[in-house]
>>> print(open('final_36.pdb').read())   # PDB, C-alpha atoms
ATOM      1  CA  MET A 126      17.610 -15.479  -1.491
ATOM      2  CA  LEU A 127      16.043 -14.698  -4.853
ATOM      3  CA  THR A 128      12.403 -13.565  -4.971
ATOM      4  CA  VAL A 129      10.327 -12.856  -8.062
ATOM      5  CA  HIS A 130       7.544 -10.278  -8.179
ATOM      6  CA  VAL A 131       4.905  -9.966 -10.905
ATOM      7  CA  LEU A 132       1.986  -8.581  -8.847
ATOM      8  CA  GLY A 133       3.002  -5.018  -9.596
ATOM      9  CA  PRO A 134       6.159  -3.905 -11.368
ATOM     10  CA  VAL A 135       8.007  -7.024 -12.538
ATOM     11  CA  GLU A 136      11.211  -7.447 -10.602
ATOM     12  CA  VAL A 137      13.612  -9.951  -9.144
ATOM     13  CA  ARG A 138      15.177  -9.260  -5.772
ATOM     14  CA  ARG A 139      18.251 -10.768  -4.225
ATOM     15  CA  ASP A 140      18.225 -10.497  -0.436
ATOM     16  CA  GLY A 141      15.588  -7.763  -0.700
ATOM     17  CA  ARG A 142      17.460  -5.646  -3.270
ATOM     18  CA  PRO A 143      15.998  -5.279  -6.782
ATOM     19  CA  LEU A 144      18.139  -6.469  -9.683
ATOM     20  CA  ASP A 145      18.403  -4.593 -12.969
ATOM     21  CA  LEU A 146      16.568  -6.919 -15.341
ATOM     22  CA  GLY A 147      16.920  -4.664 -18.357
ATOM     23  CA  GLY A 148      14.145  -3.586 -20.687
ATOM     24  CA  PRO A 149      10.482  -4.545 -20.845
ATOM     25  CA  GLN A 150      11.030  -7.661 -22.957
ATOM     26  CA  GLN A 151      13.607  -9.110 -20.567
ATOM     27  CA  ARG A 152      11.278  -8.401 -17.639
ATOM     28  CA  ALA A 153       8.536 -10.119 -19.662
ATOM     29  CA  VAL A 154      10.706 -13.241 -20.016
ATOM     30  CA  VAL A 155      11.094 -13.372 -16.242
ATOM     31  CA  ALA A 156       7.385 -12.733 -15.669
ATOM     32  CA  HIS A 157       6.266 -15.474 -18.037
ATOM     33  CA  LEU A 158       8.730 -17.971 -16.578
ATOM     34  CA  ALA A 159       7.635 -16.992 -13.050
ATOM     35  CA  LEU A 160       4.049 -17.974 -13.837
ATOM     36  CA  ASP A 161       5.363 -21.500 -14.374
ATOM     37  CA  ALA A 162       8.198 -21.420 -11.813
ATOM     38  CA  GLY A 163       9.831 -24.815 -11.500
ATOM     39  CA  ARG A 164       8.310 -26.067 -14.760
ATOM     40  CA  VAL A 165       9.666 -25.982 -18.279
ATOM     41  CA  VAL A 166       8.167 -23.366 -20.583
ATOM     42  CA  SER A 167       8.756 -24.232 -24.217
ATOM     43  CA  VAL A 168      10.611 -21.822 -26.464
ATOM     44  CA  GLU A 169       7.576 -21.818 -28.746
ATOM     45  CA  ARG A 170       5.270 -20.809 -25.903
ATOM     46  CA  LEU A 171       7.656 -18.094 -24.700
ATOM     47  CA  ILE A 172       7.931 -16.649 -28.192
ATOM     48  CA  ASP A 173       4.149 -16.648 -28.476
ATOM     49  CA  ARG A 174       3.751 -15.032 -25.043
ATOM     50  CA  LEU A 175       6.370 -12.376 -25.798
ATOM     51  CA  TRP A 176       5.423 -11.373 -29.322
ATOM     52  CA  GLY A 177       2.149 -13.030 -30.274
ATOM     53  CA  GLU A 178       1.536 -12.583 -33.982
ATOM     54  CA  SER A 179       4.387 -10.068 -34.401
ATOM     55  CA  PRO A 180       7.665 -11.810 -33.532
ATOM     56  CA  PRO A 181      10.987 -10.245 -34.487
ATOM     57  CA  ARG A 182      12.804 -11.510 -37.566
ATOM     58  CA  THR A 183      14.851 -13.965 -35.474
ATOM     59  CA  PRO A 184      12.727 -14.705 -32.383
ATOM     60  CA  LEU A 185      14.821 -17.644 -31.158
ATOM     61  CA  GLY A 186      18.048 -15.652 -31.307
ATOM     62  CA  THR A 187      16.407 -12.682 -29.615
ATOM     63  CA  LEU A 188      15.001 -14.893 -26.845
ATOM     64  CA  GLN A 189      18.386 -16.562 -26.330
ATOM     65  CA  SER A 190      19.994 -13.130 -26.059
ATOM     66  CA  TYR A 191      17.475 -12.065 -23.385
ATOM     67  CA  VAL A 192      18.040 -15.278 -21.426
ATOM     68  CA  SER A 193      21.810 -14.862 -21.610
ATOM     69  CA  ARG A 194      21.594 -11.297 -20.244
ATOM     70  CA  LEU A 195      19.175 -12.329 -17.531
ATOM     71  CA  ARG A 196      21.459 -15.164 -16.432
ATOM     72  CA  ARG A 197      24.283 -12.685 -15.881
ATOM     73  CA  VAL A 198      21.966 -10.633 -13.660
ATOM     74  CA  VAL A 199      20.380 -13.416 -11.602
ATOM     75  CA  GLU A 200      23.561 -15.489 -11.259
ATOM     76  CA  PRO A 201      26.446 -12.997 -11.232
ATOM     77  CA  ALA A 202      28.765 -15.390  -9.367
ATOM     78  CA  ARG A 203      28.337 -18.194 -11.912
ATOM     79  CA  GLU A 204      31.655 -19.013 -13.503
ATOM     80  CA  ALA A 205      32.013 -18.603 -17.255
ATOM     81  CA  GLY A 206      30.839 -21.794 -18.874
ATOM     82  CA  GLY A 207      29.312 -23.038 -15.622
ATOM     83  CA  ALA A 208      25.847 -24.540 -15.750
ATOM     84  CA  PRO A 209      23.053 -22.125 -14.827
ATOM     85  CA  ARG A 210      21.072 -23.030 -11.714
ATOM     86  CA  VAL A 211      18.340 -20.373 -11.747
ATOM     87  CA  LEU A 212      17.405 -19.795 -15.393
ATOM     88  CA  VAL A 213      17.993 -23.249 -16.805
ATOM     89  CA  SER A 214      17.811 -24.558 -20.360
ATOM     90  CA  GLU A 215      15.771 -27.732 -20.406
ATOM     91  CA  ALA A 216      14.220 -29.219 -23.517
ATOM     92  CA  PRO A 217      12.076 -27.922 -25.058
ATOM     93  CA  GLY A 218      12.687 -24.514 -23.442
ATOM     94  CA  TYR A 219      13.586 -22.836 -20.167
ATOM     95  CA  VAL A 220      12.704 -23.235 -16.508
ATOM     96  CA  LEU A 221      12.976 -20.695 -13.707
ATOM     97  CA  GLN A 222      14.327 -22.763 -10.812
ATOM     98  CA  VAL A 223      12.919 -20.720  -7.954
ATOM     99  CA  PRO A 224      10.722 -22.270  -5.259
ATOM    100  CA  THR A 225       7.118 -21.220  -5.814
ATOM    101  CA  GLU A 226       6.917 -19.694  -2.335
ATOM    102  CA  GLN A 227       9.524 -17.164  -3.519
ATOM    103  CA  VAL A 228       7.287 -16.036  -6.415
ATOM    104  CA  ASP A 229       4.593 -13.602  -5.312
ATOM    105  CA  VAL A 230       1.856 -14.866  -7.639
ATOM    106  CA  HIS A 231       2.239 -18.421  -6.335
ATOM    107  CA  ARG A 232       2.413 -17.232  -2.734
ATOM    108  CA  PHE A 233      -0.752 -15.172  -3.349
ATOM    109  CA  ARG A 234      -2.609 -18.193  -4.712
ATOM    110  CA  SER A 235      -1.448 -20.392  -1.845
ATOM    111  CA  LEU A 236      -2.552 -17.893   0.806
ATOM    112  CA  VAL A 237      -5.943 -17.415  -0.871
ATOM    113  CA  ALA A 238      -6.443 -21.195  -0.946
ATOM    114  CA  GLU A 239      -5.509 -21.386   2.753
ATOM    115  CA  GLY A 240      -8.004 -18.621   3.545
ATOM    116  CA  ARG A 241     -10.769 -20.300   1.603
ATOM    117  CA  ALA A 242     -10.069 -23.595   3.342
ATOM    118  CA  VAL A 243     -10.677 -22.117   6.809
ATOM    119  CA  VAL A 244     -13.242 -19.389   6.122
ATOM    120  CA  THR A 245     -16.171 -21.319   7.602
ATOM    121  CA  ALA A 246     -14.364 -22.807  10.597
ATOM    122  CA  ASP A 247     -12.131 -19.826  11.414
ATOM    123  CA  PRO A 248     -13.061 -16.613   9.572
ATOM    124  CA  ALA A 249     -10.502 -14.606  11.591
ATOM    125  CA  ALA A 250      -7.668 -16.820  10.319
ATOM    126  CA  ALA A 251      -9.149 -16.554   6.825
ATOM    127  CA  VAL A 252      -9.056 -12.733   7.012
ATOM    128  CA  GLU A 253      -5.384 -12.928   8.046
ATOM    129  CA  ARG A 254      -4.564 -15.130   5.036
ATOM    130  CA  PHE A 255      -6.525 -12.909   2.651
ATOM    131  CA  ASP A 256      -4.849  -9.790   4.064
ATOM    132  CA  GLU A 257      -1.412 -11.332   3.604
ATOM    133  CA  ALA A 258      -2.277 -12.449   0.067
ATOM    134  CA  LEU A 259      -3.700  -9.079  -0.962
ATOM    135  CA  GLY A 260      -0.704  -7.342   0.624
ATOM    136  CA  LEU A 261       1.544  -8.981  -1.982
ATOM    137  CA  TRP A 262       0.021  -6.772  -4.687
ATOM    138  CA  ARG A 263       2.171  -3.677  -5.328
ATOM    139  CA  GLY A 264       0.196  -2.353  -8.295
ATOM    140  CA  PRO A 265      -1.138  -3.711 -11.585
ATOM    141  CA  ALA A 266       0.162  -7.202 -12.384
ATOM    142  CA  PHE A 267       2.944  -7.430 -14.971
ATOM    143  CA  ALA A 268       3.581  -3.665 -14.751
ATOM    144  CA  GLY A 269       6.526  -2.605 -16.864
ATOM    145  CA  VAL A 270       6.292  -5.330 -19.484
ATOM    146  CA  GLY A 271       3.887  -3.526 -21.763
ATOM    147  CA  PRO A 272       0.104  -3.526 -21.910
ATOM    148  CA  ASP A 273      -0.216  -5.325 -25.219
ATOM    149  CA  GLU A 274      -2.351  -8.152 -26.508
ATOM    150  CA  THR A 275       0.105 -10.847 -25.388
ATOM    151  CA  VAL A 276       0.041  -9.756 -21.733
ATOM    152  CA  ARG A 277      -3.571  -8.598 -21.443
ATOM    153  CA  PRO A 278      -5.181 -12.069 -20.984
ATOM    154  CA  ILE A 279      -2.775 -12.880 -18.158
ATOM    155  CA  VAL A 280      -3.342  -9.523 -16.467
ATOM    156  CA  VAL A 281      -7.125  -9.908 -16.772
ATOM    157  CA  ARG A 282      -6.962 -13.377 -15.195
ATOM    158  CA  LEU A 283      -4.781 -12.119 -12.330
ATOM    159  CA  ASP A 284      -7.085  -9.121 -11.786
ATOM    160  CA  GLU A 285     -10.022 -11.541 -11.549
ATOM    161  CA  GLU A 286      -8.145 -13.609  -8.958
ATOM    162  CA  HIS A 287      -7.419 -10.418  -6.996
ATOM    163  CA  ALA A 288     -11.081  -9.362  -7.082
ATOM    164  CA  ALA A 289     -12.230 -12.843  -5.992
ATOM    165  CA  ALA A 290      -9.797 -12.783  -3.053
ATOM    166  CA  MET A 291     -11.156  -9.385  -2.018
ATOM    167  CA  GLU A 292     -14.713 -10.742  -2.153
ATOM    168  CA  ASP A 293     -13.690 -13.736  -0.057
ATOM    169  CA  ARG A 294     -12.122 -11.377   2.476
ATOM    170  CA  PHE A 295     -15.347  -9.357   2.640
ATOM    171  CA  ASP A 296     -17.333 -12.556   3.234
ATOM    172  CA  ALA A 297     -14.979 -13.514   6.077
ATOM    173  CA  LEU A 298     -15.313 -10.046   7.613
ATOM    174  CA  LEU A 299     -19.102 -10.311   7.421
ATOM    175  CA  ALA A 300     -18.959 -13.740   9.078
ATOM    176  CA  LEU A 301     -17.064 -12.094  11.936
ATOM    177  CA  GLY A 302     -19.705  -9.379  12.225
ATOM    178  CA  ARG A 303     -17.219  -6.712  11.147
ATOM    179  CA  HIS A 304     -19.690  -5.053   8.786
ATOM    180  CA  GLY A 305     -18.256  -1.594   9.414
ATOM    181  CA  GLU A 306     -14.993  -2.594   7.724
ATOM    182  CA  VAL A 307     -16.633  -3.935   4.589
ATOM    183  CA  ILE A 308     -18.309  -0.761   3.299
ATOM    184  CA  PRO A 309     -15.160   1.439   3.319
ATOM    185  CA  ALA A 310     -13.163  -1.412   1.773
ATOM    186  CA  LEU A 311     -15.783  -1.840  -0.960
ATOM    187  CA  GLN A 312     -15.759   1.902  -1.620
ATOM    188  CA  GLN A 313     -11.955   1.864  -1.895
ATOM    189  CA  ALA A 314     -12.105  -1.125  -4.234
ATOM    190  CA  VAL A 315     -14.491   0.765  -6.512
ATOM    191  CA  VAL A 316     -12.143   3.790  -6.568
ATOM    192  CA  ASP A 317      -9.120   1.593  -7.374
TER     193      ASP A 317
END
>>> encode(input="final_36.pdb", output="structure tokens")
Amino acid sequence: MLTVHVLGPVEVRRDGRPLDLGGPQQRAVVAHLALDAGRVVSVERLIDRLWGESPPRTPLGTLQSYVSRLRRVVEPAREAGGAPRVLVSEAPGYVLQVPTEQVDVHRFRSLVAEGRAVVTADPAAAVERFDEALGLWRGPAFAGVGPDETVRPIVVRLDEEHAAAMEDRFDALLALGRHGEVIPALQQAVVD
């Protein structure tokens, strides 16, 4: 099974083992496609996400080269000339054909939504969902793809989602009367 991780160092794992995705730009391709797993991301949008206002001289060729290398890594058993099944070309761009539950950012969002849905009726279950969601974070989002202007807005948005999930967890803990757990967790959050 293939899993994709962007909530920390960007990586793809097959049966729990990390794959060598190559350099930062190739990891960035995977990360950007993972945000829209199962949906087509246009070539134009990928080029903008990867390079912003400073694309290479031949951005389309460079992107196609990255995708070709990534396909060899994520589908090593694919026969030469065989149609890709994971990193698929589909007009007007590419789609990462991985179920969203196998992409940590989508799993995180799903668990947070589940927690929020039950926080009033069952705060203990909500805490469990929030804990599982927050446990998916292995460090700063999109780590290893470069902290530049093209990635920063995405990282800021994900950091805000992380902080909101932590706040929701604190609210659920307070609803359970577990006040003693909130203060140390808040202090740790401030340190982090």
>>> resolve_selection(input="final_36.pdb", expression="the PyMOL selection byres ((chain A and resi 170) around 12)", output="list of chain:residue names")
A:Val154, A:His157, A:Leu158, A:Asp161, A:Val165, A:Val166, A:Ser167, A:Val168, A:Glu169, A:Leu171, A:Ile172, A:Asp173, A:Arg174, A:Leu175, A:Trp176, A:Gly177, A:Pro184, A:Leu185, A:Leu188, A:Pro217, A:Gly218, A:Tyr219, A:Thr275
>>> resolve_selection(input="final_36.pdb", expression="the PyMOL selection byres ((chain A and resi 280) around 12)", output="MDAnalysis selection string")
chainID A and resid 131:133 156:157 160 230 264:268 270:279 281:287
>>> closest_atom_pairs(input="final_36.pdb", of="range 265-303 of chain A", to="range 233-255 of chain A", cutoff="7 Å", atoms="all atoms listed in the file", output="JSON lines")
{"residue": "A:Ala290", "atom": "CA", "partner": "A:Val237", "partner_atom": "CA", "distance": 6.4}
{"residue": "A:Arg294", "atom": "CA", "partner": "A:Val252", "partner_atom": "CA", "distance": 5.6}
{"residue": "A:Ala297", "atom": "CA", "partner": "A:Pro248", "partner_atom": "CA", "distance": 5.0}
{"residue": "A:Leu298", "atom": "CA", "partner": "A:Val252", "partner_atom": "CA", "distance": 6.8}
{"residue": "A:Ala300", "atom": "CA", "partner": "A:Pro248", "partner_atom": "CA", "distance": 6.6}
{"residue": "A:Leu301", "atom": "CA", "partner": "A:Pro248", "partner_atom": "CA", "distance": 6.5}
>>> atom_distance(input="final_36.pdb", atom1="CA of Ala153 in chain A", atom2="CA of Gly206 in chain A")
25.2 Å
>>> resolve_selection(input="final_36.pdb", expression="the PyMOL selection byres ((chain A and resi 146-148) around 8)", output="PyMOL selection string")
chain A and resi 136-137+144-145+149-152+195+198
>>> atom_distance(input="final_36.pdb", atom1="CA of Val199 in chain A", atom2="CA of Val223 in chain A")
11.1 Å
>>> atom_distance(input="final_36.pdb", atom1="CA of Ala216 in chain A", atom2="CA of Met126 in chain A")
26.2 Å
>>> closest_residue(input="final_36.pdb", among="A:Gly302, A:Gly207, A:Pro309, A:Gly163", to="Val220 in chain A", atoms="all atoms listed in the file")
A:Gly163
>>> closest_residue(input="final_36.pdb", among="A:Asp229, A:Trp262, A:Met291, A:Asp296", to="Ala314 in chain A", atoms="only C-alpha atoms")
A:Met291
>>> closest_residue(input="final_36.pdb", among="A:Val135, A:Leu261, A:Leu212, A:Val307", to="Ser193 in chain A", atoms="all atoms listed in the file")
A:Leu212
>>> axis_aligned_box(input="final_36.pdb", around="range 242-247 of chain A", padding_each_side="4 Å", output="AutoDock Vina command-line options")
--center_x -13.1 --center_y -21.5 --center_z 7.4 --size_x 14.1 --size_y 12.2 --size_z 16.1
>>> closest_residue(input="final_36.pdb", among="A:Arg139, A:His231, A:Arg197, A:Arg182", to="Ala159 in chain A", atoms="all atoms listed in the file")
A:His231
